[in-house]
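So this block is model-v8.pdb, PDB, C-alpha atoms and all ligand atoms:
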```
MODEL        1
ATOM      1  CA  MET A 102     126.313 114.959 186.463
ATOM      2  CA  ASP A 103     127.222 111.305 186.216
ATOM      3  CA  SER A 104     128.295 110.124 182.808
ATOM      4  CA  LEU A 105     125.863 108.378 180.470
ATOM      5  CA  LEU A 106     126.752 106.285 177.437
ATOM      6  CA  ARG A 107     124.445 107.153 174.528
ATOM      7  CA  ILE A 108     123.673 104.219 172.270
ATOM      8  CA  ALA A 109     121.910 104.783 168.948
ATOM      9  CA  ILE A 110     119.802 101.934 167.640
ATOM     10  CA  GLN A 111     117.397 101.641 164.719
ATOM     11  CA  LYS A 112     113.979 103.126 165.434
ATOM     12  CA  SER A 113     112.133 100.508 163.417
ATOM     13  CA  GLY A 114     113.256  97.890 160.946
ATOM     14  CA  ARG A 115     115.285  94.742 160.748
ATOM     15  CA  LEU A 116     117.857  95.724 163.391
ATOM     16  CA  GLN A 117     115.521  97.048 166.035
ATOM     17  CA  GLU A 118     114.394  93.859 167.698
ATOM     18  CA  GLY A 119     117.865  92.289 167.784
ATOM     19  CA  SER A 120     119.392  95.468 169.200
ATOM     20  CA  LEU A 121     116.810  95.793 171.969
ATOM     21  CA  GLN A 122     116.985  92.090 172.763
ATOM     22  CA  LEU A 123     120.760  92.278 173.125
ATOM     23  CA  LEU A 124     120.531  95.219 175.523
ATOM     24  CA  LYS A 125     117.808  93.426 177.447
ATOM     25  CA  ASP A 126     119.882  90.245 177.669
ATOM     26  CA  CYS A 127     122.686  92.434 179.036
ATOM     27  CA  GLY A 128     120.345  93.253 181.911
ATOM     28  CA  LEU A 129     119.389  96.758 180.775
ATOM     29  CA  SER A 130     115.833  97.728 181.451
ATOM     30  CA  ILE A 131     114.667  99.968 178.602
ATOM     31  CA  SER A 132     111.193 101.091 177.712
ATOM     32  CA  ASN A 133     110.524 101.701 174.039
ATOM     33  CA  GLY A 134     107.186 103.319 173.697
ATOM     34  CA  ARG A 135     105.914 104.342 170.280
ATOM     35  CA  ASP A 136     107.224 107.620 168.892
ATOM     36  CA  GLN A 137     109.817 107.743 171.620
ATOM     37  CA  LEU A 138     113.094 109.317 170.539
ATOM     38  CA  LYS A 139     115.146 108.290 173.506
ATOM     39  CA  SER A 140     114.933 106.235 176.635
ATOM     40  CA  GLN A 141     117.200 105.978 179.635
ATOM     41  CA  ALA A 142     117.899 102.540 181.069
ATOM     42  CA  ARG A 143     116.562 102.298 184.589
ATOM     43  CA  ASN A 144     119.442 100.282 185.982
ATOM     44  CA  PHE A 145     122.537 101.096 183.903
ATOM     45  CA  PRO A 146     124.130 104.416 182.853
ATOM     46  CA  VAL A 147     122.944 104.154 179.263
ATOM     47  CA  GLU A 148     120.613 106.268 177.185
ATOM     48  CA  VAL A 149     119.182 104.701 174.021
ATOM     49  CA  LEU A 150     118.462 106.937 171.006
ATOM     50  CA  PHE A 151     116.056 105.604 168.367
ATOM     51  CA  LEU A 152     117.153 106.713 164.882
ATOM     52  CA  ARG A 153     117.096 105.729 161.216
ATOM     53  CA  ASP A 154     119.928 103.294 160.591
ATOM     54  CA  ASP A 155     121.409 105.406 157.758
ATOM     55  CA  ASP A 156     121.865 108.351 160.119
ATOM     56  CA  ILE A 157     123.604 106.444 162.904
ATOM     57  CA  PRO A 158     127.218 106.613 161.580
ATOM     58  CA  GLN A 159     126.878 110.392 161.177
ATOM     59  CA  TYR A 160     125.365 110.842 164.630
ATOM     60  CA  VAL A 161     128.181 108.815 166.158
ATOM     61  CA  GLU A 162     130.759 110.896 164.281
ATOM     62  CA  ASP A 163     129.065 114.086 165.501
ATOM     63  CA  ARG A 164     128.976 112.659 169.038
ATOM     64  CA  VAL A 165     125.212 112.972 169.319
ATOM     65  CA  ALA A 166     125.586 109.296 170.178
ATOM     66  CA  ASP A 167     128.709 107.634 171.586
ATOM     67  CA  VAL A 168     128.106 104.225 170.026
ATOM     68  CA  GLY A 169     125.520 102.771 167.691
ATOM     69  CA  VAL A 170     124.213  99.532 166.229
ATOM     70  CA  VAL A 171     124.093  99.361 162.416
ATOM     71  CA  GLY A 172     124.481  96.859 159.627
ATOM     72  CA  GLU A 173     128.119  96.531 158.611
ATOM     73  CA  ASN A 174     126.970  97.413 155.063
ATOM     74  CA  VAL A 175     125.742 100.815 156.264
ATOM     75  CA  TRP A 176     128.867 101.408 158.350
ATOM     76  CA  VAL A 177     131.158 100.690 155.383
ATOM     77  CA  GLU A 178     129.008 102.685 152.935
ATOM     78  CA  LYS A 179     128.897 105.820 155.065
ATOM     79  CA  GLN A 180     132.692 106.042 155.591
ATOM     80  CA  ARG A 181     132.342 108.117 158.730
ATOM     81  CA  ASN A 182     134.883 108.575 161.464
ATOM     82  CA  ASN A 183     133.660 105.561 163.481
ATOM     83  CA  SER A 184     135.496 102.518 164.682
ATOM     84  CA  LEU A 185     134.101  99.011 164.705
ATOM     85  CA  VAL A 186     133.772  98.079 168.365
ATOM     86  CA  ARG A 187     132.232  94.631 168.084
ATOM     87  CA  ARG A 188     130.447  92.301 165.707
ATOM     88  CA  LEU A 189     127.051  91.427 167.120
ATOM     89  CA  ASP A 190     126.176  88.169 165.409
ATOM     90  CA  PHE A 191     122.655  89.013 164.223
ATOM     91  CA  ALA A 192     121.005  90.470 161.070
ATOM     92  CA  LYS A 193     123.409  88.458 158.947
ATOM     93  CA  CYS A 194     123.135  89.072 155.228
ATOM     94  CA  ARG A 195     125.301  89.786 152.208
ATOM     95  CA  LEU A 196     125.582  92.547 149.662
ATOM     96  CA  SER A 197     125.547  90.939 146.240
ATOM     97  CA  ILE A 198     125.463  91.752 142.566
ATOM     98  CA  ALA A 199     122.604  90.139 140.686
ATOM     99  CA  VAL A 200     121.773  90.066 136.979
ATOM    100  CA  PRO A 201     118.674  88.998 135.002
ATOM    101  CA  ARG A 202     118.305  85.231 135.155
ATOM    102  CA  GLY A 203     118.503  84.823 131.361
ATOM    103  CA  GLU A 204     121.954  86.443 131.083
ATOM    104  CA  THR A 205     125.092  84.360 130.661
ATOM    105  CA  TYR A 206     127.296  85.875 133.332
ATOM    106  CA  THR A 207     130.968  85.437 132.537
ATOM    107  CA  GLY A 208     132.572  87.089 135.561
ATOM    108  CA  THR A 209     133.027  90.723 136.549
ATOM    109  CA  ASN A 210     134.007  91.559 132.946
ATOM    110  CA  TRP A 211     130.347  91.130 132.091
ATOM    111  CA  LEU A 212     129.672  94.302 134.111
ATOM    112  CA  LYS A 213     131.906  96.449 131.859
ATOM    113  CA  GLY A 214     129.936  99.414 130.516
ATOM    114  CA  LYS A 215     126.750  98.217 132.187
ATOM    115  CA  ASN A 216     124.571 100.144 134.631
ATOM    116  CA  ILE A 217     124.257  98.861 138.202
ATOM    117  CA  ALA A 218     121.407 100.031 140.437
ATOM    118  CA  THR A 219     122.205 100.130 144.145
ATOM    119  CA  SER A 220     121.709 101.913 147.447
ATOM    120  CA  TYR A 221     125.398 101.308 148.190
ATOM    121  CA  PRO A 222     127.281 103.385 145.582
ATOM    122  CA  THR A 223     130.508 103.741 147.582
ATOM    123  CA  ILE A 224     130.848 100.031 148.249
ATOM    124  CA  VAL A 225     130.041  99.202 144.615
ATOM    125  CA  ARG A 226     132.531 101.778 143.330
ATOM    126  CA  HIS A 227     135.301 100.269 145.467
ATOM    127  CA  PHE A 228     134.372  96.781 144.352
ATOM    128  CA  LEU A 229     134.505  97.737 140.672
ATOM    129  CA  GLN A 230     137.823  99.549 141.134
ATOM    130  CA  LYS A 231     139.319  96.477 142.780
ATOM    131  CA  GLN A 232     138.077  94.334 139.910
ATOM    132  CA  GLY A 233     139.396  96.826 137.352
ATOM    133  CA  VAL A 234     135.958  97.147 135.771
ATOM    134  CA  GLU A 235     134.345 100.387 134.616
ATOM    135  CA  ALA A 236     130.579 100.452 134.951
ATOM    136  CA  GLY A 237     127.856 102.978 135.646
ATOM    137  CA  ILE A 238     126.354 103.202 139.121
ATOM    138  CA  HIS A 239     122.746 104.265 139.442
ATOM    139  CA  GLU A 240     121.927 105.172 143.032
ATOM    140  CA  ILE A 241     118.386 104.452 144.196
ATOM    141  CA  SER A 242     117.172 104.340 147.746
ATOM    142  CA  GLY A 243     114.660 101.505 147.676
ATOM    143  CA  SER A 244     113.150  98.673 145.621
ATOM    144  CA  VAL A 245     116.465  98.203 143.872
ATOM    145  CA  GLU A 246     115.469  94.738 142.676
ATOM    146  CA  ILE A 247     112.888  96.071 140.223
ATOM    147  CA  ALA A 248     115.410  98.262 138.352
ATOM    148  CA  PRO A 249     116.403  95.760 135.600
ATOM    149  CA  GLY A 250     112.770  94.814 134.970
ATOM    150  CA  ILE A 251     111.778  98.412 134.257
ATOM    151  CA  GLY A 252     114.848  99.113 132.132
ATOM    152  CA  LEU A 253     116.567 101.330 134.686
ATOM    153  CA  ALA A 254     119.701  99.198 135.001
ATOM    154  CA  ASP A 255     121.373  96.034 133.716
ATOM    155  CA  ALA A 256     122.252  94.681 137.142
ATOM    156  CA  VAL A 257     121.693  95.430 140.824
ATOM    157  CA  CYS A 258     123.787  95.363 143.961
ATOM    158  CA  ASP A 259     121.558  94.775 146.959
ATOM    159  CA  ILE A 260     121.219  93.059 150.326
ATOM    160  CA  VAL A 261     120.421  89.378 150.089
ATOM    161  CA  SER A 262     119.316  87.140 152.877
ATOM    162  CA  THR A 263     117.375  84.096 151.634
ATOM    163  CA  GLY A 264     117.597  85.095 147.955
ATOM    164  CA  SER A 265     113.846  84.914 147.412
ATOM    165  CA  THR A 266     113.450  88.630 146.584
ATOM    166  CA  LEU A 267     115.983  88.311 143.769
ATOM    167  CA  MET A 268     114.352  85.163 142.514
ATOM    168  CA  SER A 269     110.856  86.586 142.432
ATOM    169  CA  ASN A 270     112.188  89.519 140.403
ATOM    170  CA  GLY A 271     113.804  87.285 137.790
ATOM    171  CA  LEU A 272     117.356  87.948 139.001
ATOM    172  CA  LYS A 273     120.250  85.667 139.913
ATOM    173  CA  GLU A 274     123.030  86.390 142.377
ATOM    174  CA  VAL A 275     126.442  86.398 140.702
ATOM    175  CA  GLU A 276     128.949  88.109 143.025
ATOM    176  CA  THR A 277     129.125  88.543 146.783
ATOM    177  CA  VAL A 278     130.521  92.003 147.386
ATOM    178  CA  MET A 279     130.547  91.783 151.181
ATOM    179  CA  ASN A 280     129.120  89.805 154.072
ATOM    180  CA  SER A 281     127.396  91.792 156.753
ATOM    181  CA  GLU A 282     125.970  91.527 160.246
ATOM    182  CA  ALA A 283     124.916  93.991 162.918
ATOM    183  CA  VAL A 284     127.929  95.765 164.391
ATOM    184  CA  LEU A 285     128.511  98.090 167.303
ATOM    185  CA  ILE A 286     130.348 101.161 166.064
ATOM    186  CA  GLY A 287     131.766 103.884 168.222
ATOM    187  CA  SER A 288     133.474 107.184 168.352
ATOM    188  CA  PRO A 289     137.248 106.578 168.272
ATOM    189  CA  ASP A 290     137.881 109.034 171.094
ATOM    190  CA  LEU A 291     135.452 108.366 173.919
ATOM    191  CA  GLU A 292     136.223 110.043 177.193
ATOM    192  CA  GLU A 293     137.401 107.903 180.077
ATOM    193  CA  SER A 294     134.094 107.877 181.963
ATOM    194  CA  LYS A 295     132.130 106.744 178.895
ATOM    195  CA  ASN A 296     134.755 104.209 177.979
ATOM    196  CA  TYR A 297     134.402 102.715 181.434
ATOM    197  CA  ILE A 298     130.660 102.199 180.867
ATOM    198  CA  LEU A 299     131.306 100.794 177.398
ATOM    199  CA  GLU A 300     133.797  98.271 178.809
ATOM    200  CA  LYS A 301     131.200  97.133 181.332
ATOM    201  CA  LEU A 302     128.622  96.756 178.581
ATOM    202  CA  LEU A 303     131.067  94.861 176.325
ATOM    203  CA  PHE A 304     131.792  92.431 179.148
ATOM    204  CA  ARG A 305     128.069  91.701 179.330
ATOM    205  CA  ILE A 306     127.717  91.444 175.551
ATOM    206  CA  GLU A 307     130.496  88.875 175.506
ATOM    207  CA  ALA A 308     128.745  86.827 178.190
ATOM    208  CA  VAL A 309     125.471  86.976 176.252
ATOM    209  CA  GLN A 310     127.105  86.026 172.935
ATOM    210  CA  SER A 311     129.002  83.101 174.483
ATOM    211  CA  ALA A 312     125.800  81.862 176.080
ATOM    212  CA  ARG A 313     123.934  82.090 172.770
ATOM    213  CA  ASN A 314     126.655  80.072 171.045
ATOM    214  CA  ASN A 315     126.790  77.314 173.622
ATOM    215  CA  LYS A 316     124.510  74.790 175.307
ATOM    216  CA  TYR A 317     124.781  73.065 178.650
ATOM    217  CA  ILE A 318     124.868  69.308 178.180
ATOM    218  CA  LEU A 319     124.193  66.564 180.751
ATOM    219  CA  LEU A 320     124.570  62.872 180.009
ATOM    220  CA  ASN A 321     125.090  59.468 181.560
ATOM    221  CA  CYS A 322     127.896  57.247 180.318
ATOM    222  CA  PRO A 323     129.858  54.121 181.174
ATOM    223  CA  ASN A 324     133.018  55.021 183.122
ATOM    224  CA  GLU A 325     135.336  53.615 180.465
ATOM    225  CA  SER A 326     134.014  56.205 177.947
ATOM    226  CA  ILE A 327     134.783  59.182 180.193
ATOM    227  CA  PRO A 328     138.268  60.001 178.800
ATOM    228  CA  LYS A 329     136.995  60.040 175.201
ATOM    229  CA  ILE A 330     133.820  61.958 176.032
ATOM    230  CA  GLN A 331     135.891  64.444 177.998
ATOM    231  CA  SER A 332     138.021  65.103 174.933
ATOM    232  CA  ILE A 333     134.910  65.679 172.783
ATOM    233  CA  ILE A 334     133.179  68.043 175.214
ATOM    234  CA  PRO A 335     135.918  69.531 177.386
ATOM    235  CA  GLY A 336     133.640  72.383 178.454
ATOM    236  CA  MET A 337     134.899  75.739 179.628
ATOM    237  CA  ASN A 338     137.592  74.194 181.772
ATOM    238  CA  SER A 339     136.841  70.540 182.369
ATOM    239  CA  PRO A 340     133.525  68.718 182.706
ATOM    240  CA  THR A 341     131.862  67.924 186.015
ATOM    241  CA  ILE A 342     131.773  64.173 186.600
ATOM    242  CA  MET A 343     129.633  62.520 189.294
ATOM    243  CA  PRO A 344     129.128  58.821 190.018
ATOM    244  CA  LEU A 345     125.673  57.392 189.369
ATOM    245  CA  GLY A 346     123.841  54.967 191.662
ATOM    246  CA  LYS A 347     124.299  52.389 188.887
ATOM    247  CA  PRO A 348     127.797  50.855 189.313
ATOM    248  CA  GLY A 349     130.287  51.624 186.535
ATOM    249  CA  TRP A 350     128.317  54.661 185.315
ATOM    250  CA  SER A 351     128.724  58.397 185.732
ATOM    251  CA  SER A 352     126.873  61.583 184.990
ATOM    252  CA  LEU A 353     128.881  64.140 183.041
ATOM    253  CA  HIS A 354     128.029  67.847 182.694
ATOM    254  CA  SER A 355     129.702  70.145 180.205
ATOM    255  CA  VAL A 356     129.241  72.834 177.568
ATOM    256  CA  VAL A 357     128.933  72.236 173.849
ATOM    257  CA  ASN A 358     129.210  74.713 170.992
ATOM    258  CA  GLU A 359     126.139  75.308 168.840
ATOM    259  CA  ASN A 360     128.092  74.964 165.554
ATOM    260  CA  ASP A 361     129.258  71.378 165.872
ATOM    261  CA  PHE A 362     126.503  70.319 168.221
ATOM    262  CA  TRP A 363     124.858  67.580 166.129
ATOM    263  CA  GLU A 364     128.134  65.971 165.083
ATOM    264  CA  LYS A 365     129.178  65.791 168.704
ATOM    265  CA  ILE A 366     125.856  64.288 169.782
ATOM    266  CA  ASP A 367     126.348  61.498 167.218
ATOM    267  CA  LEU A 368     129.855  60.839 168.529
ATOM    268  CA  LEU A 369     128.661  60.817 172.148
ATOM    269  CA  LYS A 370     125.924  58.334 171.324
ATOM    270  CA  SER A 371     128.430  56.052 169.631
ATOM    271  CA  LEU A 372     130.459  56.111 172.877
ATOM    272  CA  GLY A 373     127.482  54.836 174.852
ATOM    273  CA  ALA A 374     126.173  58.141 176.221
ATOM    274  CA  GLN A 375     122.534  57.936 177.339
ATOM    275  CA  GLY A 376     119.883  60.251 178.727
ATOM    276  CA  ILE A 377     121.435  63.257 176.999
ATOM    277  CA  LEU A 378     119.897  66.563 178.089
ATOM    278  CA  VAL A 379     120.758  69.813 176.351
ATOM    279  CA  VAL A 380     119.674  73.084 177.908
ATOM    280  CA  PRO A 381     120.149  76.729 176.971
ATOM    281  CA  ILE A 382     122.602  78.858 178.915
ATOM    282  CA  GLU A 383     121.522  82.295 180.063
ATOM    283  CA  LYS A 384     124.957  83.913 180.522
ATOM    284  CA  MET A 385     128.453  82.545 180.194
ATOM    285  CA  ILE A 386     131.495  84.114 181.841
ATOM    286  CA  ALA A 387     134.852  82.453 181.313
TER     287      ALA A 387
HETATM  288  O1  LIG B   1     114.090 102.935 158.162
HETATM  289  P1  LIG B   1     115.553 102.659 158.192
HETATM  290  O2  LIG B   1     116.340 103.475 157.221
HETATM  291  O3  LIG B   1     116.091 102.707 159.595
HETATM  292  O4  LIG B   1     115.703 101.097 157.758
HETATM  293  P2  LIG B   1     116.059 100.462 156.331
HETATM  294  O5  LIG B   1     114.805 100.189 155.630
HETATM  295  O6  LIG B   1     117.136 101.228 155.656
HETATM  296  O7  LIG B   1     116.789  99.113 156.792
HETATM  297  P3  LIG B   1     116.195  97.665 157.105
HETATM  298  O8  LIG B   1     115.483  97.682 158.406
HETATM  299  O9  LIG B   1     115.510  97.084 155.931
HETATM  300  O10 LIG B   1     117.594  96.882 157.260
HETATM  301  C1  LIG B   1     118.500  97.253 158.221
HETATM  302  C2  LIG B   1     119.731  96.352 158.093
HETATM  303  O11 LIG B   1     119.354  94.972 158.254
HETATM  304  C3  LIG B   1     120.420  96.370 156.747
HETATM  305  O12 LIG B   1     121.268  97.481 156.584
HETATM  306  C4  LIG B   1     121.193  95.058 156.765
HETATM  307  O13 LIG B   1     122.427  95.228 157.446
HETATM  308  C5  LIG B   1     120.315  94.133 157.625
HETATM  309  N1  LIG B   1     119.576  93.113 156.842
HETATM  310  C6  LIG B   1     119.594  91.770 157.112
HETATM  311  C7  LIG B   1     118.774  93.298 155.776
HETATM  312  C8  LIG B   1     118.298  92.046 155.381
HETATM  313  N2  LIG B   1     118.823  91.125 156.232
HETATM  314  C9  LIG B   1     117.404  91.951 154.250
HETATM  315  N3  LIG B   1     117.005  90.857 153.909
HETATM  316  N4  LIG B   1     118.400  94.421 155.119
HETATM  317  C10 LIG B   1     117.565  94.333 154.079
HETATM  318  N5  LIG B   1     117.064  93.155 153.606
HETATM  319  C11 LIG B   1     116.144  93.254 152.422
HETATM  320  C12 LIG B   1     116.868  93.474 151.098
HETATM  321  O14 LIG B   1     117.068  94.869 150.875
HETATM  322  C13 LIG B   1     115.930  92.874 150.077
HETATM  323  O15 LIG B   1     114.887  93.756 149.733
HETATM  324  O16 LIG B   1     115.414  92.077 152.243
HETATM  325  C14 LIG B   1     115.339  91.727 150.867
HETATM  326  C15 LIG B   1     116.158  90.490 150.605
HETATM  327  O17 LIG B   1     115.804  89.457 151.463
HETATM  328  P4  LIG B   1     115.700  87.969 150.911
HETATM  329  O18 LIG B   1     115.511  87.136 152.135
HETATM  330  O19 LIG B   1     114.529  87.893 149.983
HETATM  331  O20 LIG B   1     117.020  87.633 150.207
HETATM  332 ZN    ZN B   2     117.942 102.844 156.209
ENDMDL
END
```

Could I get this structure in the form of structure tokens?
Amino acid sequence: MDSLLRIAIQKSGRLQEGSLQLLKDCGLSISNGRDQLKSQARNFPVEVLFLRDDDIPQYVEDRVADVGVVGENVWVEKQRNNSLVRRLDFAKCRLSIAVPRGETYTGTNWLKGKNIATSYPTIVRHFLQKQGVEAGIHEISGSVEIAPGIGLADAVCDIVSTGSTLMSNGLKEVETVMNSEAVLIGSPDLEESKNYILEKLLFRIEAVQSARNNKYILLNCPNESIPKIQSIIPGMNSPTIMPLGKPGWSSLHSVVNENDFWEKIDLLKSLGAQGILVVPIEKMIA
């Protein structure tokens, strides 16, 4: 039988949509009907398993799945025999310690002898050890943010994204324990045939991630600005430059990174660029 790469993704929750979208953008055609446990891609040697995120590191260790998509927080907490294959750039959040808003927090010393409620006891234990602070850890599996309000703990360590959950529970964030995003984890000893499929998939993931981080930019500019504009948006290799019907003017096509996009647009405008068009890129292969 031909080899299949088994990828575990979250069955439902915050990682599910991003995981499926990534596979879809990589050209994999996957059906995900309700109550489906697994689905084989129609056009790529991959089988997708739909699981609870907490179970994925264990399943990858046990080789029920070859690779899996989980939050980095879950991967670190579970301490399984998995390697981090690639960061996936979605579901970004942080794991933070928060205390009641009225408290005067004086640094990690404040936590000494206190009780911290969390779903991430291993990560919190390591954090406290590193800080040289002894505190109690109270493990709870959900609704961690209500623990101080009901007298169950003095502080919490939980996932924060916008911060509004903490705020509406009268808590303030005081320490970032770790930053997290979705990651692809894998078994450290994949057989050759599976590794070959994984390499092919990683090549596609890279093309998708580059495309997401970049935009295609087209503009018109006076010829004397070309050298400067070229240094601002050098593109993947060098920009395409074509003469316009209007004498002394050219059209320039290049690629611009999402992160410094607006600053660059301002600079380009100050160099006389006009008719600037910015369009999304579907895939980008260097
Ligand atoms: O059912 P299953 O066990 O599979 O899912 P789950 O309920 O354990 O996980 P889920 O779907 O809630 O989260 C999966 C992963 O998404 C987490 O492990 C994180 O890596 C990532 N992630 C990103 C988040 C958030 N953002 C997030 N905001 N996980 C949880 N939250 C929660 C947080 O627990 C808190 O209750 O959202 C609230 C905070 O959000 P803000 O915006 O109010 O700060
Ligand atoms: Zn979970």

Requested in this report: Could I get the residue neighbourhood of ligand ZN 2 (chain B) at 7 Å, counting all atoms listed in the file, as a PyMOL selection string?
Outcome: chain A and resi 153-155

What lies within 12 Å of Leu212 (chain A) using only C-alpha atoms, ignoring chain neighbours under 4 positions off, as a PDB file with C-alpha atoms, in the frame of the given file?
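Result file around20.pdb:
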```pdb
ATOM      1  CA  ILE A 198     125.463  91.752 142.566  1.00  0.00           C
ATOM      2  CA  ALA A 199     122.604  90.139 140.686  1.00  0.00           C
ATOM      3  CA  VAL A 200     121.773  90.066 136.979  1.00  0.00           C
ATOM      4  CA  GLU A 204     121.954  86.443 131.083  1.00  0.00           C
ATOM      5  CA  THR A 205     125.092  84.360 130.661  1.00  0.00           C
ATOM      6  CA  TYR A 206     127.296  85.875 133.332  1.00  0.00           C
ATOM      7  CA  THR A 207     130.968  85.437 132.537  1.00  0.00           C
ATOM      8  CA  GLY A 208     132.572  87.089 135.561  1.00  0.00           C
ATOM      9  CA  ASN A 216     124.571 100.144 134.631  1.00  0.00           C
ATOM     10  CA  ILE A 217     124.257  98.861 138.202  1.00  0.00           C
ATOM     11  CA  ALA A 218     121.407 100.031 140.437  1.00  0.00           C
ATOM     12  CA  VAL A 225     130.041  99.202 144.615  1.00  0.00           C
ATOM     13  CA  PHE A 228     134.372  96.781 144.352  1.00  0.00           C
ATOM     14  CA  LEU A 229     134.505  97.737 140.672  1.00  0.00           C
ATOM     15  CA  GLN A 230     137.823  99.549 141.134  1.00  0.00           C
ATOM     16  CA  GLN A 232     138.077  94.334 139.910  1.00  0.00           C
ATOM     17  CA  GLY A 233     139.396  96.826 137.352  1.00  0.00           C
ATOM     18  CA  VAL A 234     135.958  97.147 135.771  1.00  0.00           C
ATOM     19  CA  GLU A 235     134.345 100.387 134.616  1.00  0.00           C
ATOM     20  CA  ALA A 236     130.579 100.452 134.951  1.00  0.00           C
ATOM     21  CA  GLY A 237     127.856 102.978 135.646  1.00  0.00           C
ATOM     22  CA  ILE A 238     126.354 103.202 139.121  1.00  0.00           C
ATOM     23  CA  ALA A 254     119.701  99.198 135.001  1.00  0.00           C
ATOM     24  CA  ASP A 255     121.373  96.034 133.716  1.00  0.00           C
ATOM     25  CA  ALA A 256     122.252  94.681 137.142  1.00  0.00           C
ATOM     26  CA  VAL A 257     121.693  95.430 140.824  1.00  0.00           C
ATOM     27  CA  CYS A 258     123.787  95.363 143.961  1.00  0.00           C
ATOM     28  CA  VAL A 275     126.442  86.398 140.702  1.00  0.00           C
ATOM     29  CA  GLU A 276     128.949  88.109 143.025  1.00  0.00           C
TER      30      GLU A 276
END
```

Requested in this report: For the structure shown, which residues end up in the PyMOL selection byres (((not hetatm)) within 8 of (chain B and resi 1))? Put them as a PyMOL selection string, please?
Outcome: chain A and resi 111-117+152-156+171-175+192-195+243-246+259-268+281-283

**Report entry** Matched chain/residue IDs from the PyMOL selection byres (((chain A and resi 312) around 7) and not hetatm), as a count of residues only
**Finding:** 11

Query raised in the report: Once the PyMOL selection byres (((chain A and resi 157) around 12) and not hetatm) has been applied to the shown file, what residues remain in the selection, as an MDAnalysis selection string?
Result: chainID A and resid 107:112 150:156 158:173 175:176 178:183 284:288

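You can rank A:Val149, A:Val278, A:Val379, A:Ile342 by their closest distance to Lys125 (chain A) using all atoms listed in the file, and at the top of that list sits A:Val149.
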
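Those residues that approach Asp126 (chain A) to within 9 Å, counting all atoms listed in the file, are Leu121, Gln122, Leu123, Leu124, Gly128, Leu129, Arg305, Ile306, Val309, Glu383 and Lys384 of chain A; same-chain residues fewer than 2 positions away are not listed.
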
Dump of C-alpha atoms for the selected residues, as an mmCIF file, in the coordinates of the input:
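And here is the file that came out, result10.cif:
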```cif
data_model
loop_
_atom_site.group_PDB
_atom_site.id
_atom_site.type_symbol
_atom_site.label_atom_id
_atom_site.label_comp_id
_atom_site.auth_asym_id
_atom_site.auth_seq_id
_atom_site.Cartn_x
_atom_site.Cartn_y
_atom_site.Cartn_z
ATOM 1 C CA LEU A 121 116.810 95.793 171.969
ATOM 2 C CA GLN A 122 116.985 92.090 172.763
ATOM 3 C CA LEU A 123 120.760 92.278 173.125
ATOM 4 C CA LEU A 124 120.531 95.219 175.523
ATOM 5 C CA GLY A 128 120.345 93.253 181.911
ATOM 6 C CA LEU A 129 119.389 96.758 180.775
ATOM 7 C CA ARG A 305 128.069 91.701 179.330
ATOM 8 C CA ILE A 306 127.717 91.444 175.551
ATOM 9 C CA VAL A 309 125.471 86.976 176.252
ATOM 10 C CA GLU A 383 121.522 82.295 180.063
ATOM 11 C CA LYS A 384 124.957 83.913 180.522
#
```

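Using all atoms listed in the file, the shortest contact distance between Arg188 (chain A) and any of A:Ile366, A:Leu319, A:Leu303, A:Gly271 is found at A:Leu303.
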